[in-house]
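Presented below is the structure to which this report refers.
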Amino acid sequence: MDTVQKMTSGFSLDLGPLKEPLGFIRVLEWVFTIFAFATTGGYSGTTHFTVKCAGGKDTEVQPVFGYPFRLGAHPYTMPLCNGSKPNDTFLQGDFSSSAEFFVCVGVFGFLYCTATLILYLGYQHVYRQTPRGPIIDLVVTAAFAFLWLVSSSAWGKGLTDVKWATNPNHLVEQCPDVCHPGEFPSMGRLNASVIFGFLNLILWAGNCWFIYKETPFHKDPNPPASTEEGTASGP
């Protein structure tokens with residue numbers, strides 16, 4: 001309770017840091033991080049192909065898939081031209097590891113941006129009071145820049161595999177005589193998620209420079225004495 005009261009009493013809202021690169025870039029990171037994990041986490045798509053049996057009606061098959069892209073989790077009914085009972089068939093591939101890693105980095109990045117924005121705008125005096133705050137901020141921001149590089153690259157490769165596994169031209173290879181490819185699934189949101197991932201990489205890596213300027217590694221710990229001080233200490 002005492003800690004909460006101390007934090008509340010020490011809160012002093014100052015929007016000044018938003019006019020500086022340190023705060024402004026952090027806001028951009030906050031926005032683009034939301035876009036990155038939201039465009040991936042809520043995705044659901046459908047691929048299409050048609051089964052045309054001789055002397056029978058055409059049957060459209062619509063396999064459904066979505067985040068976290070365990071494609072075998074949703075069966076679809078595959079009609080048979082010999083009149084037998086339709087079979088439950090599954091899309092092939094599990095690309096959940098790269099997708100979930102990408103979303104996880106986005107969610108934790110969002111939480112960190114929120115926490116640091118509160119620190120910048122409400123506790124700027126605490127942030128600058130000791131060199132520990134900027135140094136920790138620099139290390140964590142650099143770590144997130146690396147995580148964005150790894151997760152965006154992995155998810156980009158995973159998305160390429162998802163596109164291949166759900167490509168109607170690939171799916172009809174199981175029944176080339178009677179199956180005909182249909183509409184491709186819409187992947188616009190997923191393409192955007194990869195773009196947002198690499199944009200986050202640029203933002204977080206670039207922000208390391210502005211945070212570095214707040215650390216004692218960049219500032220001179222022993223600034224030269226001013227002219228007035230030199231005159232006063234003279235004979």
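Naming works like this for the structure tokens: A, B, ... for the chains as they're shown, residue 1 at the start of each chain, ligands 1 onward in shown order.
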Segment 184-189 of chain A surroundings by only C-alpha atoms, 10 Å radius, close-in-sequence under 3 positions cut, as a list in words: Phe35, Ala36, Ala38, Thr39, Thr40, Gly42, Tyr43, Ser44, Gly45, Thr46, Thr47, His48, Phe49, Gln62, Pro63, Val64, Phe65, Leu159, Val162, Lys163, Thr166, Asn167, Pro168, Asn169, Pro181, Ala192, Ser193, Val194 and Ile195 of chain A
DSSP says alpha helix (DSSP H) for which residues of segment 2-151 of chain A? Put them as a PyMOL selection string? chain A and resi 2-10+21-41+96-122+124-129+132-151
Can you tell me, as a VMD selection string, what residues are no more than 12 Å from Asp58 of chain A when counting only C-alpha atoms, ignoring any on the same chain fewer than 4 positions away? chain A and resid 49 to 54 79 to 81 178 to 180
Write out as number ranges by chain all residues of segment 51-92 of chain A that backbone DSSP assigns to strand (DSSP E). A: 51-52, 58-61, 64-66, 76-78, 87-89
Would you write out those residues with all heavy atoms, as a short mmCIF file (atom, residue, chain, number, x, y, z; two decimals), in the first residue's frame?
data_model
loop_
_atom_site.label_atom_id
_atom_site.label_comp_id
_atom_site.auth_asym_id
_atom_site.auth_seq_id
_atom_site.Cartn_x
_atom_site.Cartn_y
_atom_site.Cartn_z
N VAL A 51 -14.89 -30.60 -56.93
CA VAL A 51 -14.85 -31.99 -57.35
C VAL A 51 -15.93 -32.19 -58.42
O VAL A 51 -17.12 -31.99 -58.14
CB VAL A 51 -15.07 -32.96 -56.17
CG1 VAL A 51 -15.07 -34.41 -56.65
CG2 VAL A 51 -14.01 -32.75 -55.10
N LYS A 52 -15.52 -32.57 -59.63
CA LYS A 52 -16.44 -32.76 -60.74
C LYS A 52 -16.44 -34.23 -61.14
O LYS A 52 -15.52 -34.72 -61.77
CB LYS A 52 -16.03 -31.89 -61.93
CG LYS A 52 -16.07 -30.39 -61.65
CD LYS A 52 -15.72 -29.58 -62.89
CE LYS A 52 -15.82 -28.08 -62.61
NZ LYS A 52 -15.50 -27.26 -63.80
N ASP A 58 -21.38 -30.98 -59.57
CA ASP A 58 -20.12 -30.45 -59.05
C ASP A 58 -20.27 -30.14 -57.57
O ASP A 58 -21.28 -29.58 -57.13
CB ASP A 58 -19.73 -29.17 -59.80
CG ASP A 58 -19.51 -29.44 -61.28
OD1 ASP A 58 -19.39 -30.63 -61.66
OD2 ASP A 58 -19.47 -28.47 -62.06
N THR A 59 -19.26 -30.52 -56.80
CA THR A 59 -19.26 -30.28 -55.36
C THR A 59 -18.07 -29.38 -54.99
O THR A 59 -16.92 -29.72 -55.29
CB THR A 59 -19.15 -31.61 -54.58
OG1 THR A 59 -20.22 -32.48 -54.97
CG2 THR A 59 -19.24 -31.34 -53.08
N GLU A 60 -18.39 -28.25 -54.37
CA GLU A 60 -17.33 -27.34 -53.95
C GLU A 60 -16.85 -27.71 -52.55
O GLU A 60 -17.67 -27.90 -51.64
CB GLU A 60 -17.81 -25.89 -53.97
CG GLU A 60 -16.70 -24.89 -53.65
CD GLU A 60 -17.16 -23.45 -53.74
OE1 GLU A 60 -18.39 -23.22 -53.85
OE2 GLU A 60 -16.30 -22.55 -53.70
N VAL A 61 -15.56 -27.82 -52.40
CA VAL A 61 -14.96 -28.16 -51.12
C VAL A 61 -14.25 -26.92 -50.60
O VAL A 61 -13.50 -26.25 -51.33
CB VAL A 61 -13.95 -29.32 -51.27
CG1 VAL A 61 -13.37 -29.69 -49.91
CG2 VAL A 61 -14.64 -30.52 -51.91
N VAL A 64 -11.16 -25.01 -44.18
CA VAL A 64 -11.00 -23.81 -43.35
C VAL A 64 -9.73 -23.95 -42.52
O VAL A 64 -9.38 -25.04 -42.06
CB VAL A 64 -12.23 -23.63 -42.42
CG1 VAL A 64 -12.04 -22.42 -41.51
CG2 VAL A 64 -13.50 -23.48 -43.25
N PHE A 65 -9.05 -22.83 -42.33
CA PHE A 65 -7.84 -22.82 -41.51
C PHE A 65 -7.72 -21.45 -40.86
O PHE A 65 -8.41 -20.50 -41.24
CB PHE A 65 -6.59 -23.13 -42.35
CG PHE A 65 -6.32 -22.12 -43.42
CD1 PHE A 65 -5.39 -21.11 -43.23
CD2 PHE A 65 -7.01 -22.16 -44.63
CE1 PHE A 65 -5.15 -20.16 -44.21
CE2 PHE A 65 -6.77 -21.22 -45.63
CZ PHE A 65 -5.84 -20.21 -45.41
N GLY A 66 -6.86 -21.34 -39.88
CA GLY A 66 -6.67 -20.06 -39.18
C GLY A 66 -5.59 -20.17 -38.13
O GLY A 66 -4.97 -21.23 -37.95
N TYR A 76 -12.10 -31.48 -43.36
CA TYR A 76 -13.10 -31.11 -44.35
C TYR A 76 -13.55 -32.36 -45.09
O TYR A 76 -12.82 -33.36 -45.18
CB TYR A 76 -12.55 -30.06 -45.33
CG TYR A 76 -11.38 -30.50 -46.17
CD1 TYR A 76 -11.57 -31.05 -47.44
CD2 TYR A 76 -10.07 -30.36 -45.71
CE1 TYR A 76 -10.49 -31.44 -48.22
CE2 TYR A 76 -8.99 -30.74 -46.48
CZ TYR A 76 -9.20 -31.28 -47.74
OH TYR A 76 -8.14 -31.68 -48.51
N THR A 77 -14.77 -32.33 -45.60
CA THR A 77 -15.37 -33.51 -46.22
C THR A 77 -14.98 -33.58 -47.68
O THR A 77 -15.19 -32.62 -48.45
CB THR A 77 -16.90 -33.46 -46.10
OG1 THR A 77 -17.26 -33.40 -44.72
CG2 THR A 77 -17.53 -34.69 -46.72
N MET A 78 -14.44 -34.71 -48.08
CA MET A 78 -14.01 -34.94 -49.45
C MET A 78 -14.96 -35.93 -50.13
O MET A 78 -14.99 -37.11 -49.79
CB MET A 78 -12.58 -35.50 -49.46
CG MET A 78 -11.99 -35.67 -50.83
SD MET A 78 -11.68 -34.06 -51.60
CE MET A 78 -11.07 -34.60 -53.19
N ASN A 87 -15.18 -38.91 -47.24
CA ASN A 87 -14.12 -39.06 -46.24
C ASN A 87 -13.79 -37.71 -45.60
O ASN A 87 -13.89 -36.67 -46.23
CB ASN A 87 -12.85 -39.61 -46.89
CG ASN A 87 -13.02 -41.06 -47.33
OD1 ASN A 87 -13.75 -41.82 -46.71
ND2 ASN A 87 -12.31 -41.43 -48.40
N ASP A 88 -13.40 -37.77 -44.33
CA ASP A 88 -12.86 -36.58 -43.68
C ASP A 88 -11.38 -36.48 -44.02
O ASP A 88 -10.60 -37.41 -43.77
CB ASP A 88 -13.05 -36.66 -42.16
CG ASP A 88 -14.48 -36.37 -41.74
OD1 ASP A 88 -15.21 -35.77 -42.55
OD2 ASP A 88 -14.86 -36.76 -40.63
N THR A 89 -11.02 -35.37 -44.59
CA THR A 89 -9.64 -35.13 -45.03
C THR A 89 -9.09 -33.92 -44.29
O THR A 89 -9.85 -33.06 -43.84
CB THR A 89 -9.59 -34.91 -46.55
OG1 THR A 89 -10.31 -35.96 -47.20
CG2 THR A 89 -8.15 -34.92 -47.06
#
Straight-line distance linking atom CA of Thr114 of chain A with atom CA of Val139 of chain A, stated in Å to one decimal: 16.9 Å
Would you kindly return, as a CSV table (one decimal) with all heavy atoms, in the first residue's frame, each protein, DNA or RNA residue with an atom no farther than 12 Å from any atom of Thr160 of chain A, considering only C-alpha atoms and excluding same-chain residues fewer than 4 positions away?
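To be explicit, this is the file written out as around-v4.csv:
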chain,number,residue,atom,x,y,z
A,93,GLY,N,0.2,-29.9,-42.4
A,93,GLY,CA,1.2,-28.9,-41.9
A,93,GLY,C,0.9,-28.3,-40.6
A,93,GLY,O,-0.3,-28.1,-40.3
A,95,PHE,N,2.2,-25.1,-38.6
A,95,PHE,CA,3.1,-23.9,-38.6
A,95,PHE,C,2.8,-23.0,-37.4
A,95,PHE,O,3.0,-21.8,-37.4
A,95,PHE,CB,2.9,-23.1,-39.9
A,95,PHE,CG,2.9,-24.0,-41.1
A,95,PHE,CD1,1.7,-24.4,-41.7
A,95,PHE,CD2,4.1,-24.5,-41.6
A,95,PHE,CE1,1.8,-25.2,-42.9
A,95,PHE,CE2,4.2,-25.3,-42.7
A,95,PHE,CZ,3.0,-25.7,-43.3
A,98,SER,N,6.0,-20.8,-35.3
A,98,SER,CA,6.5,-19.5,-35.8
A,98,SER,C,5.4,-18.4,-35.6
A,98,SER,O,5.7,-17.3,-35.2
A,98,SER,CB,6.9,-19.5,-37.3
A,98,SER,OG,5.8,-20.0,-38.1
A,99,ALA,N,4.1,-18.8,-35.8
A,99,ALA,CA,3.0,-17.9,-35.7
A,99,ALA,C,2.8,-17.4,-34.2
A,99,ALA,O,2.7,-16.3,-33.9
A,99,ALA,CB,1.7,-18.5,-36.2
A,153,SER,N,11.3,-13.1,-39.4
A,153,SER,CA,11.9,-14.0,-40.4
A,153,SER,C,11.3,-15.3,-40.3
A,153,SER,O,10.9,-15.9,-41.3
A,153,SER,CB,13.4,-14.1,-40.1
A,153,SER,OG,14.0,-12.8,-40.2
A,154,ALA,N,11.1,-15.9,-39.1
A,154,ALA,CA,10.5,-17.2,-38.9
A,154,ALA,C,9.0,-17.2,-39.4
A,154,ALA,O,8.6,-18.1,-40.1
A,154,ALA,CB,10.6,-17.6,-37.5
A,155,TRP,N,8.3,-16.1,-39.1
A,155,TRP,CA,6.9,-16.1,-39.5
A,155,TRP,C,6.8,-15.9,-41.0
A,155,TRP,O,5.9,-16.4,-41.6
A,155,TRP,CB,6.1,-15.0,-38.7
A,155,TRP,CG,4.8,-14.7,-39.2
A,155,TRP,CD1,4.2,-13.5,-39.4
A,155,TRP,CD2,3.7,-15.7,-39.5
A,155,TRP,NE1,2.9,-13.7,-39.9
A,155,TRP,CE2,2.6,-15.0,-39.9
A,155,TRP,CE3,3.7,-17.1,-39.4
A,155,TRP,CZ2,1.4,-15.6,-40.3
A,155,TRP,CZ3,2.5,-17.7,-39.8
A,155,TRP,CH2,1.4,-17.0,-40.2
A,156,GLY,N,7.7,-15.1,-41.6
A,156,GLY,CA,7.7,-14.9,-43.0
A,156,GLY,C,7.9,-16.3,-43.7
A,156,GLY,O,7.2,-16.6,-44.7
A,164,TRP,N,1.6,-22.3,-49.4
A,164,TRP,CA,1.8,-23.5,-50.3
A,164,TRP,C,0.8,-24.6,-49.8
A,164,TRP,O,0.2,-25.3,-50.7
A,164,TRP,CB,3.2,-24.0,-50.2
A,164,TRP,CG,3.5,-25.2,-51.0
A,164,TRP,CD1,3.8,-25.3,-52.3
A,164,TRP,CD2,3.5,-26.6,-50.6
A,164,TRP,NE1,4.0,-26.6,-52.7
A,164,TRP,CE2,3.8,-27.4,-51.7
A,164,TRP,CE3,3.2,-27.2,-49.3
A,164,TRP,CZ2,3.8,-28.8,-51.6
A,164,TRP,CZ3,3.3,-28.6,-49.2
A,164,TRP,CH2,3.6,-29.4,-50.4
A,165,ALA,N,0.7,-24.8,-48.5
A,165,ALA,CA,-0.2,-25.9,-48.0
A,165,ALA,C,-1.6,-25.7,-48.3
A,165,ALA,O,-2.4,-26.6,-48.3
A,165,ALA,CB,0.1,-26.1,-46.5
A,166,THR,N,-2.0,-24.4,-48.5
A,166,THR,CA,-3.5,-24.1,-48.7
A,166,THR,C,-3.7,-23.7,-50.2
A,166,THR,O,-4.8,-23.3,-50.5
A,166,THR,CB,-3.9,-23.0,-47.8
A,166,THR,OG1,-3.1,-21.8,-48.0
A,166,THR,CG2,-3.8,-23.4,-46.3
A,167,ASN,N,-2.7,-23.8,-51.0
A,167,ASN,CA,-2.9,-23.4,-52.4
A,167,ASN,C,-3.8,-24.4,-53.1
A,167,ASN,O,-3.5,-25.6,-53.1
A,167,ASN,CB,-1.5,-23.4,-53.1
A,167,ASN,CG,-1.5,-22.9,-54.5
A,167,ASN,OD1,-2.5,-23.1,-55.2
A,167,ASN,ND2,-0.5,-22.2,-54.9
A,187,MET,N,-4.9,-13.6,-48.3
A,187,MET,CA,-3.8,-13.6,-47.3
A,187,MET,C,-3.3,-12.2,-47.1
A,187,MET,O,-2.2,-12.0,-46.6
A,187,MET,CB,-2.6,-14.4,-47.9
A,187,MET,CG,-2.9,-15.9,-48.1
A,187,MET,SD,-2.8,-16.8,-46.5
A,187,MET,CE,-2.9,-18.5,-47.1
A,190,LEU,N,-2.2,-11.4,-43.5
A,190,LEU,CA,-1.0,-12.1,-43.1
A,190,LEU,C,0.2,-11.5,-43.7
A,190,LEU,O,1.3,-11.4,-43.1
A,190,LEU,CB,-1.1,-13.6,-43.4
A,190,LEU,CG,-2.2,-14.3,-42.7
A,190,LEU,CD1,-2.2,-15.8,-43.1
A,190,LEU,CD2,-2.2,-14.2,-41.2
A,191,ASN,N,0.1,-11.1,-45.0
A,191,ASN,CA,1.2,-10.3,-45.6
A,191,ASN,C,1.5,-9.1,-44.9
A,191,ASN,O,2.7,-8.7,-44.7
A,191,ASN,CB,0.9,-10.0,-47.1
A,191,ASN,CG,0.8,-11.3,-48.0
A,191,ASN,OD1,1.4,-12.3,-47.7
A,191,ASN,ND2,-0.1,-11.2,-49.0
A,194,VAL,N,3.6,-9.6,-41.6
A,194,VAL,CA,5.1,-9.7,-41.8
A,194,VAL,C,5.7,-8.3,-42.0
A,194,VAL,O,6.8,-8.0,-41.5
A,194,VAL,CB,5.4,-10.6,-43.0
A,194,VAL,CG1,6.9,-10.7,-43.3
A,194,VAL,CG2,4.8,-12.0,-42.7
Distance query Glu214 of chain A at most 10 Å, only C-alpha atoms, self and fewer than 3 positions along chain excluded, as a VMD selection string: chain A and resid 22 127 to 128 131 133 to 135 137 to 138 209 to 211 217 to 219
Which one is closest to Gln92 of chain A: A:Val107, A:Tyr123, A:Gly10, A:Asp161? Count only C-alpha atoms.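 Once distances to Gln92 of chain A are computed over only C-alpha atoms, the minimum belongs to A:Asp161.
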Work out how far apart atom CA of Asp94 of chain A and atom CA of Gly72 of chain A are and give it in Å to one decimal.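 It comes out at 7.2 Å.
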